[in-house]
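The next block is protein-v3.pdb, given as PDB, C-alpha atoms and all ligand atoms.
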MODEL        1
ATOM      1  CA  MET A 254      34.723 141.819 274.845
ATOM      2  CA  ASP A 255      32.483 139.453 272.952
ATOM      3  CA  ILE A 256      30.387 141.413 270.447
ATOM      4  CA  LYS A 257      27.505 139.664 268.685
ATOM      5  CA  VAL A 258      26.184 141.019 265.393
ATOM      6  CA  LEU A 259      22.515 142.004 265.483
ATOM      7  CA  ILE A 260      22.189 143.842 262.144
ATOM      8  CA  THR A 261      24.793 143.628 259.390
ATOM      9  CA  GLU A 262      26.192 146.516 257.383
ATOM     10  CA  GLN A 263      24.429 145.170 254.264
ATOM     11  CA  GLU A 264      21.073 144.983 256.032
ATOM     12  CA  ILE A 265      21.445 148.568 257.256
ATOM     13  CA  ALA A 266      22.439 149.783 253.773
ATOM     14  CA  SER A 267      19.493 148.198 251.991
ATOM     15  CA  ARG A 268      16.936 149.243 254.614
ATOM     16  CA  THR A 269      18.321 152.806 254.590
ATOM     17  CA  ARG A 270      17.866 152.958 250.806
ATOM     18  CA  GLU A 271      14.261 151.768 251.152
ATOM     19  CA  LEU A 272      13.498 154.366 253.815
ATOM     20  CA  ALA A 273      15.090 157.173 251.787
ATOM     21  CA  GLU A 274      12.878 156.312 248.816
ATOM     22  CA  GLN A 275       9.798 156.232 250.994
ATOM     23  CA  ILE A 276      10.677 159.561 252.645
ATOM     24  CA  GLN A 277      11.255 161.266 249.317
ATOM     25  CA  LYS A 278       7.905 159.999 248.059
ATOM     26  CA  ASP A 279       6.021 160.992 251.224
ATOM     27  CA  TYR A 280       7.416 164.534 251.104
ATOM     28  CA  ASN A 281       6.581 164.852 247.364
ATOM     29  CA  ASN A 282      10.170 165.831 246.619
ATOM     30  CA  GLU A 283       9.819 168.950 248.805
ATOM     31  CA  GLU A 284      12.857 170.289 250.642
ATOM     32  CA  ILE A 285      13.642 168.517 253.916
ATOM     33  CA  VAL A 286      15.658 169.769 256.867
ATOM     34  CA  ILE A 287      17.333 166.773 258.460
ATOM     35  CA  VAL A 288      18.125 167.345 262.122
ATOM     36  CA  CYS A 289      20.734 164.764 263.038
ATOM     37  CA  ILE A 290      21.007 164.045 266.748
ATOM     38  CA  LEU A 291      24.664 163.924 267.786
ATOM     39  CA  LYS A 292      26.638 161.863 268.174
ATOM     40  CA  GLY A 293      24.871 158.540 267.664
ATOM     41  CA  ALA A 294      22.788 159.312 264.576
ATOM     42  CA  THR A 295      25.644 160.578 262.404
ATOM     43  CA  PHE A 296      26.435 157.308 260.613
ATOM     44  CA  PHE A 297      22.781 156.609 259.800
ATOM     45  CA  ALA A 298      21.922 160.235 258.932
ATOM     46  CA  VAL A 299      24.777 160.482 256.425
ATOM     47  CA  GLU A 300      23.759 157.296 254.624
ATOM     48  CA  LEU A 301      20.089 158.295 254.620
ATOM     49  CA  ALA A 302      20.804 161.817 253.343
ATOM     50  CA  LYS A 303      22.979 160.437 250.532
ATOM     51  CA  ARG A 304      20.000 158.443 249.241
ATOM     52  CA  ILE A 305      17.444 161.274 249.341
ATOM     53  CA  GLU A 306      17.372 163.072 246.004
ATOM     54  CA  SER A 307      15.184 166.038 246.953
ATOM     55  CA  ASP A 308      16.764 169.251 248.313
ATOM     56  CA  THR A 309      18.113 168.484 251.754
ATOM     57  CA  ILE A 310      19.557 170.719 254.444
ATOM     58  CA  ILE A 311      21.481 169.075 257.259
ATOM     59  CA  ASP A 312      21.599 170.427 260.779
ATOM     60  CA  PHE A 313      22.671 169.036 264.136
ATOM     61  CA  MET A 314      21.480 168.975 267.717
ATOM     62  CA  LYS A 315      23.123 167.455 270.729
ATOM     63  CA  VAL A 316      20.981 166.124 273.521
ATOM     64  CA  SER A 317      22.177 163.521 275.979
ATOM     65  CA  SER A 318      20.242 161.498 278.503
ATOM     66  CA  TYR A 319      22.441 158.463 278.983
ATOM     67  CA  GLU A 320      25.511 157.672 281.023
ATOM     68  CA  GLY A 321      27.014 154.194 280.688
ATOM     69  CA  THR A 322      24.189 151.740 280.009
ATOM     70  CA  GLU A 323      21.568 153.205 282.361
ATOM     71  CA  SER A 324      19.126 155.982 281.536
ATOM     72  CA  THR A 325      19.459 158.745 284.084
ATOM     73  CA  GLY A 326      16.206 160.306 282.956
ATOM     74  CA  LYS A 327      18.060 163.597 282.821
ATOM     75  CA  ILE A 328      18.243 165.395 279.493
ATOM     76  CA  ASN A 329      21.159 167.661 278.702
ATOM     77  CA  PHE A 330      20.720 169.989 275.755
ATOM     78  CA  THR A 331      24.183 171.021 274.554
ATOM     79  CA  LEU A 332      23.925 172.094 270.891
ATOM     80  CA  ASP A 333      21.056 173.842 269.114
ATOM     81  CA  ILE A 334      20.243 173.844 265.396
ATOM     82  CA  SER A 335      21.633 176.734 263.367
ATOM     83  CA  GLU A 336      19.060 176.800 260.526
ATOM     84  CA  ASP A 337      15.789 178.721 260.499
ATOM     85  CA  ILE A 338      13.150 175.974 260.287
ATOM     86  CA  THR A 339      10.078 178.230 260.013
ATOM     87  CA  ASP A 340       7.617 176.614 257.551
ATOM     88  CA  LYS A 341      10.075 173.808 256.766
ATOM     89  CA  ASN A 342       9.653 170.037 256.660
ATOM     90  CA  VAL A 343      11.789 168.892 259.574
ATOM     91  CA  LEU A 344      12.928 165.297 259.848
ATOM     92  CA  ILE A 345      14.650 164.367 263.105
ATOM     93  CA  VAL A 346      17.115 161.540 262.477
ATOM     94  CA  GLU A 347      18.028 159.497 265.554
ATOM     95  CA  ASP A 348      20.027 156.346 266.229
ATOM     96  CA  ILE A 349      17.648 154.690 268.671
ATOM     97  CA  VAL A 350      14.382 155.374 270.463
ATOM     98  CA  ASP A 351      14.268 153.714 273.848
ATOM     99  CA  THR A 352      12.014 155.273 276.536
ATOM    100  CA  GLY A 353      11.105 158.040 274.070
ATOM    101  CA  ARG A 354      12.022 160.812 276.527
ATOM    102  CA  THR A 355      14.823 162.330 274.448
ATOM    103  CA  LEU A 356      12.871 162.601 271.224
ATOM    104  CA  ALA A 357       9.660 163.744 272.881
ATOM    105  CA  TYR A 358      11.687 166.636 274.258
ATOM    106  CA  VAL A 359      13.473 167.373 270.975
ATOM    107  CA  LYS A 360      10.265 167.157 268.950
ATOM    108  CA  LYS A 361       8.409 169.551 271.243
ATOM    109  CA  TYR A 362      11.318 171.966 271.159
ATOM    110  CA  LEU A 363      11.532 171.953 267.341
ATOM    111  CA  GLU A 364       7.744 172.280 267.022
ATOM    112  CA  SER A 365       7.960 175.500 269.054
ATOM    113  CA  LYS A 366       9.956 177.051 266.172
ATOM    114  CA  ASN A 367       6.956 177.028 263.794
ATOM    115  CA  PRO A 368       8.081 174.473 261.216
ATOM    116  CA  LYS A 369       5.662 173.112 258.595
ATOM    117  CA  ASN A 370       5.891 169.721 260.301
ATOM    118  CA  VAL A 371       8.241 167.613 262.412
ATOM    119  CA  LYS A 372       8.659 163.885 261.808
ATOM    120  CA  ILE A 373      11.017 161.307 263.243
ATOM    121  CA  CYS A 374      13.187 158.747 261.482
ATOM    122  CA  THR A 375      15.064 156.343 263.734
ATOM    123  CA  MET A 376      17.466 153.578 262.820
ATOM    124  CA  LEU A 377      16.500 151.437 265.810
ATOM    125  CA  ASN A 378      13.329 151.210 267.862
ATOM    126  CA  LYS A 379      13.044 149.482 271.267
ATOM    127  CA  LYS A 380       9.255 149.558 271.438
ATOM    128  CA  GLU A 381       8.900 147.547 274.631
ATOM    129  CA  ARG A 382      10.953 150.089 276.602
ATOM    130  CA  ARG A 383       8.739 153.065 275.790
ATOM    131  CA  VAL A 384       7.496 155.134 278.742
ATOM    132  CA  ILE A 385       6.263 158.051 276.639
ATOM    133  CA  ASP A 386       3.768 157.774 273.802
ATOM    134  CA  LEU A 387       6.045 158.505 270.869
ATOM    135  CA  ASN A 388       5.684 156.846 267.478
ATOM    136  CA  PRO A 389       8.419 157.572 264.954
ATOM    137  CA  GLU A 390       7.068 157.890 261.406
ATOM    138  CA  TYR A 391      10.063 155.986 260.027
ATOM    139  CA  VAL A 392      11.796 153.052 261.702
ATOM    140  CA  ALA A 393      14.576 151.104 260.029
ATOM    141  CA  PHE A 394      14.561 148.209 262.531
ATOM    142  CA  ASP A 395      12.523 147.210 265.576
ATOM    143  CA  ILE A 396      14.894 145.534 268.019
ATOM    144  CA  PRO A 397      14.576 143.598 271.279
ATOM    145  CA  ASP A 398      15.536 145.103 274.650
ATOM    146  CA  LYS A 399      19.316 144.719 274.407
ATOM    147  CA  PHE A 400      22.008 147.331 274.893
ATOM    148  CA  VAL A 401      23.314 147.803 271.360
ATOM    149  CA  ILE A 402      26.512 149.353 270.057
ATOM    150  CA  GLY A 403      28.014 150.186 266.673
ATOM    151  CA  TYR A 404      26.968 152.167 263.605
ATOM    152  CA  GLY A 405      27.086 155.330 265.713
ATOM    153  CA  LEU A 406      26.006 153.835 269.035
ATOM    154  CA  ASP A 407      28.534 153.835 271.854
ATOM    155  CA  TYR A 408      29.376 152.228 275.122
ATOM    156  CA  ASP A 409      31.240 154.916 277.084
ATOM    157  CA  GLU A 410      32.133 156.627 273.789
ATOM    158  CA  LYS A 411      33.657 153.516 272.246
ATOM    159  CA  PHE A 412      32.411 151.215 269.448
ATOM    160  CA  ARG A 413      30.646 153.949 267.446
ATOM    161  CA  ASN A 414      32.808 153.074 264.442
ATOM    162  CA  LEU A 415      31.716 149.439 264.165
ATOM    163  CA  PRO A 416      30.192 149.060 260.678
ATOM    164  CA  TYR A 417      27.310 146.932 262.064
ATOM    165  CA  VAL A 418      24.904 147.029 265.020
ATOM    166  CA  GLY A 419      25.903 144.571 267.697
ATOM    167  CA  TYR A 420      25.437 143.846 271.370
ATOM    168  CA  LEU A 421      27.702 142.897 274.197
ATOM    169  CA  GLU A 422      27.260 139.446 275.664
TER
HETATM  170  P1  LIG B   1      15.421 157.571 275.284
HETATM  171  O1  LIG B   1      15.328 158.995 275.690
HETATM  172  O2  LIG B   1      14.533 157.192 274.140
HETATM  173  O3  LIG B   1      15.252 156.651 276.462
HETATM  174  O4  LIG B   1      16.923 157.311 274.926
HETATM  175  C1  LIG B   1      17.464 157.618 273.744
HETATM  176  C2  LIG B   1      18.951 157.672 273.844
HETATM  177  O5  LIG B   1      19.464 156.706 274.764
HETATM  178  C3  LIG B   1      19.583 157.329 272.512
HETATM  179  O6  LIG B   1      19.757 158.472 271.741
HETATM  180  C4  LIG B   1      20.884 156.685 272.920
HETATM  181  O7  LIG B   1      21.850 157.681 273.094
HETATM  182  C5  LIG B   1      20.607 156.073 274.268
HETATM  183  N1  LIG B   1      20.342 154.621 274.170
HETATM  184  C6  LIG B   1      19.176 153.980 274.362
HETATM  185  N2  LIG B   1      19.292 152.656 274.180
HETATM  186  C7  LIG B   1      20.596 152.448 273.845
HETATM  187  C8  LIG B   1      21.341 151.274 273.498
HETATM  188  O8  LIG B   1      20.865 150.138 273.453
HETATM  189  N3  LIG B   1      22.652 151.476 273.193
HETATM  190  C9  LIG B   1      23.243 152.695 273.218
HETATM  191  N4  LIG B   1      24.520 152.759 272.898
HETATM  192  N5  LIG B   1      22.563 153.820 273.542
HETATM  193  C10 LIG B   1      21.253 153.693 273.842
ENDMDL
END
Taking this structure as input, can you express it in the form of structure tokens?
Amino acid sequence: MDIKVLITEQEIASRTRELAEQIQKDYNNEEIVIVCILKGATFFAVELAKRIESDTIIDFMKVSSYEGTESTGKINFTLDISEDITDKNVLIVEDIVDTGRTLAYVKKYLESKNPKNVKICTMLNKKERRVIDLNPEYVAFDIPDKFVIGYGLDYDEKFRNLPYVGYLE
């Protein structure tokens, strides 16, 4: 398969550092609970968390809405967080926001657990595909409407380990 590079490893690394600095500043060095959305956000969440110097707790959720390259519109919720997030700063870390359905659902769910606040940090943002009004507070890269893979993102579970974000021609 012919894979074209969209965002290089170096570009991701430097943008992730910038975002981490901004996040730390915005939260005034308060503790943050990062909720990493499995499996796609793991690569980005790890790099982001490593650059945040304030106290950070890491938790995971698994929600899936995609099969192959087409959105089914169906959301499966398969793993819940294990931390108590009452009165905490919660930062959802996601690989990509497309229609916005997945994160709208996750955000609403986490907000029902009485946190101090819930914000969203996504590596990639496909703004033009949005069907739900959802604006992530932190976006590493706005990208065009292409099916992307790599740096956590899969195509039928493969290609997550590519060190860059690419797309299939
Ligand atoms: P949404 O609910 O915003 O439509 O979809 C979000 C989820 O769809 C992401 O977490 C991701 O799993 C999947 N997704 C959306 N666009 C892409 C893409 O271009 N490539 C891959 N690999 N997954 C995508």
Check which residues satisfy the PyMOL selection byres (((not hetatm)) within 6 of (chain B and resi 1)) in the file shown, then give them as number ranges by chain. A: 319, 348-355, 399-402, 406-408
Which residue out of A:Gln275, A:Lys369, A:Leu356, A:Lys361 has the minimum interatomic distance to Ile385 (chain A) when only C-alpha atoms are used? A:Leu356
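Proximity to Glu306 (chain A) was assessed for A:Leu387, A:Ile276, A:Ala294, A:Ile328 counting all atoms listed in the file; the smallest distance is recorded for A:Ile276.
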How big is the axis-aligned box, and where does its centre sit, when it encloses all atoms of region 372-387 of chain A listed in the file and has 8 Å added on every side, reported in Å to one decimal as lines of an AutoDock Vina configuration file?
center_x = 10.6
center_y = 155.7
center_z = 270.1
size_x = 29.7
size_y = 32.3
size_z = 33.3
In terms of the shortest atom-to-atom distance over all atoms listed in the file, which of A:Thr295, A:Asn370, A:Ser307, A:Gly403 is closest to Ile260 (chain A)?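 Nearest to Ile260 (chain A): A:Gly403.
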Kindly resolve the PyMOL selection byres (((chain A and resi 340) around 12) and not hetatm) on the present coordinates and return the residues as a PDB file with C-alpha atoms, in the frame of the given file.
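So the final result, stored in out31.pdb, reads:
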ATOM      1  CA  GLU A 283       9.819 168.950 248.805  1.00  0.00           C
ATOM      2  CA  GLU A 284      12.857 170.289 250.642  1.00  0.00           C
ATOM      3  CA  ILE A 285      13.642 168.517 253.916  1.00  0.00           C
ATOM      4  CA  VAL A 286      15.658 169.769 256.867  1.00  0.00           C
ATOM      5  CA  GLU A 336      19.060 176.800 260.526  1.00  0.00           C
ATOM      6  CA  ASP A 337      15.789 178.721 260.499  1.00  0.00           C
ATOM      7  CA  ILE A 338      13.150 175.974 260.287  1.00  0.00           C
ATOM      8  CA  THR A 339      10.078 178.230 260.013  1.00  0.00           C
ATOM      9  CA  LYS A 341      10.075 173.808 256.766  1.00  0.00           C
ATOM     10  CA  ASN A 342       9.653 170.037 256.660  1.00  0.00           C
ATOM     11  CA  VAL A 343      11.789 168.892 259.574  1.00  0.00           C
ATOM     12  CA  LEU A 363      11.532 171.953 267.341  1.00  0.00           C
ATOM     13  CA  GLU A 364       7.744 172.280 267.022  1.00  0.00           C
ATOM     14  CA  SER A 365       7.960 175.500 269.054  1.00  0.00           C
ATOM     15  CA  LYS A 366       9.956 177.051 266.172  1.00  0.00           C
ATOM     16  CA  ASN A 367       6.956 177.028 263.794  1.00  0.00           C
ATOM     17  CA  PRO A 368       8.081 174.473 261.216  1.00  0.00           C
ATOM     18  CA  LYS A 369       5.662 173.112 258.595  1.00  0.00           C
ATOM     19  CA  ASN A 370       5.891 169.721 260.301  1.00  0.00           C
ATOM     20  CA  VAL A 371       8.241 167.613 262.412  1.00  0.00           C
TER      21      VAL A 371
END
Using Å and a single decimal, report how far CA of Asp386 (chain A) sits from CA of Ala302 (chain A).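 According to the coordinates, CA of Ala302 (chain A) and CA of Asp386 (chain A) are separated by 26.9 Å.
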Give me the result of the PyMOL selection byres (((chain A and resi 300) around 10) and not hetatm) on this file, residue by residue, as a PyMOL selection string. chain A and resi 265-266+269-270+273+295-299+301-305
Check which residues of region 265-384 of chain A sit at most 10 Å from region 395-398 of chain A using only C-alpha atoms, and return one row each with the closest pair of atoms and their distance in Å to one decimal, ordered by chain and rising number, as a tab-separated table.
residue	atom	partner	partner_atom	distance
A:Ile349	CA	A:Asp395	CA	9.6
A:Val350	CA	A:Asp395	CA	9.7
A:Asp351	CA	A:Asp398	CA	8.7
A:Thr375	CA	A:Asp395	CA	9.7
A:Met376	CA	A:Asp395	CA	8.5
A:Leu377	CA	A:Asp395	CA	5.8
A:Asn378	CA	A:Asp395	CA	4.7
A:Lys379	CA	A:Ile396	CA	5.4
A:Lys380	CA	A:Asp395	CA	7.1
A:Glu381	CA	A:Asp398	CA	7.1
A:Arg382	CA	A:Asp398	CA	7.0
What gap, in Å, lies between CA of Tyr280 (chain A) and CA of Ile334 (chain A)? 21.3 Å
Nearest residue to Ile287 (chain A) out of A:Val392, A:Leu272, A:Ile256, A:Leu344, using all atoms listed in the file?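 When distances to Ile287 (chain A) are compared using all atoms listed in the file, the smallest one comes from A:Leu344.
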Nearest residue to Thr309 (chain A) out of A:Val288, A:Val418, A:Ile373, A:Val384, using all atoms listed in the file? A:Val288
For each of A:Val346, A:Leu291, A:Ile311, A:Ala357, take the minimum atom-to-atom distance to Leu332 (chain A), counting all atoms listed in the file, then give the residue where this is smallest.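 Of the candidates, the smallest distance to Leu332 (chain A) is held by A:Leu291.
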Mind giving me the straight-line distance from CA of Asp333 (chain A) to CA of Gly405 (chain A) in Å, one decimal?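 Those two atoms sit 19.8 Å apart.
Using all atoms listed in the file, the set of residues no farther than 6 Å from the position (26.7, 143.0, 266.8) comprises Ile256, Lys257, Val258, Leu259, Val418, Gly419 and Tyr420 of chain A.
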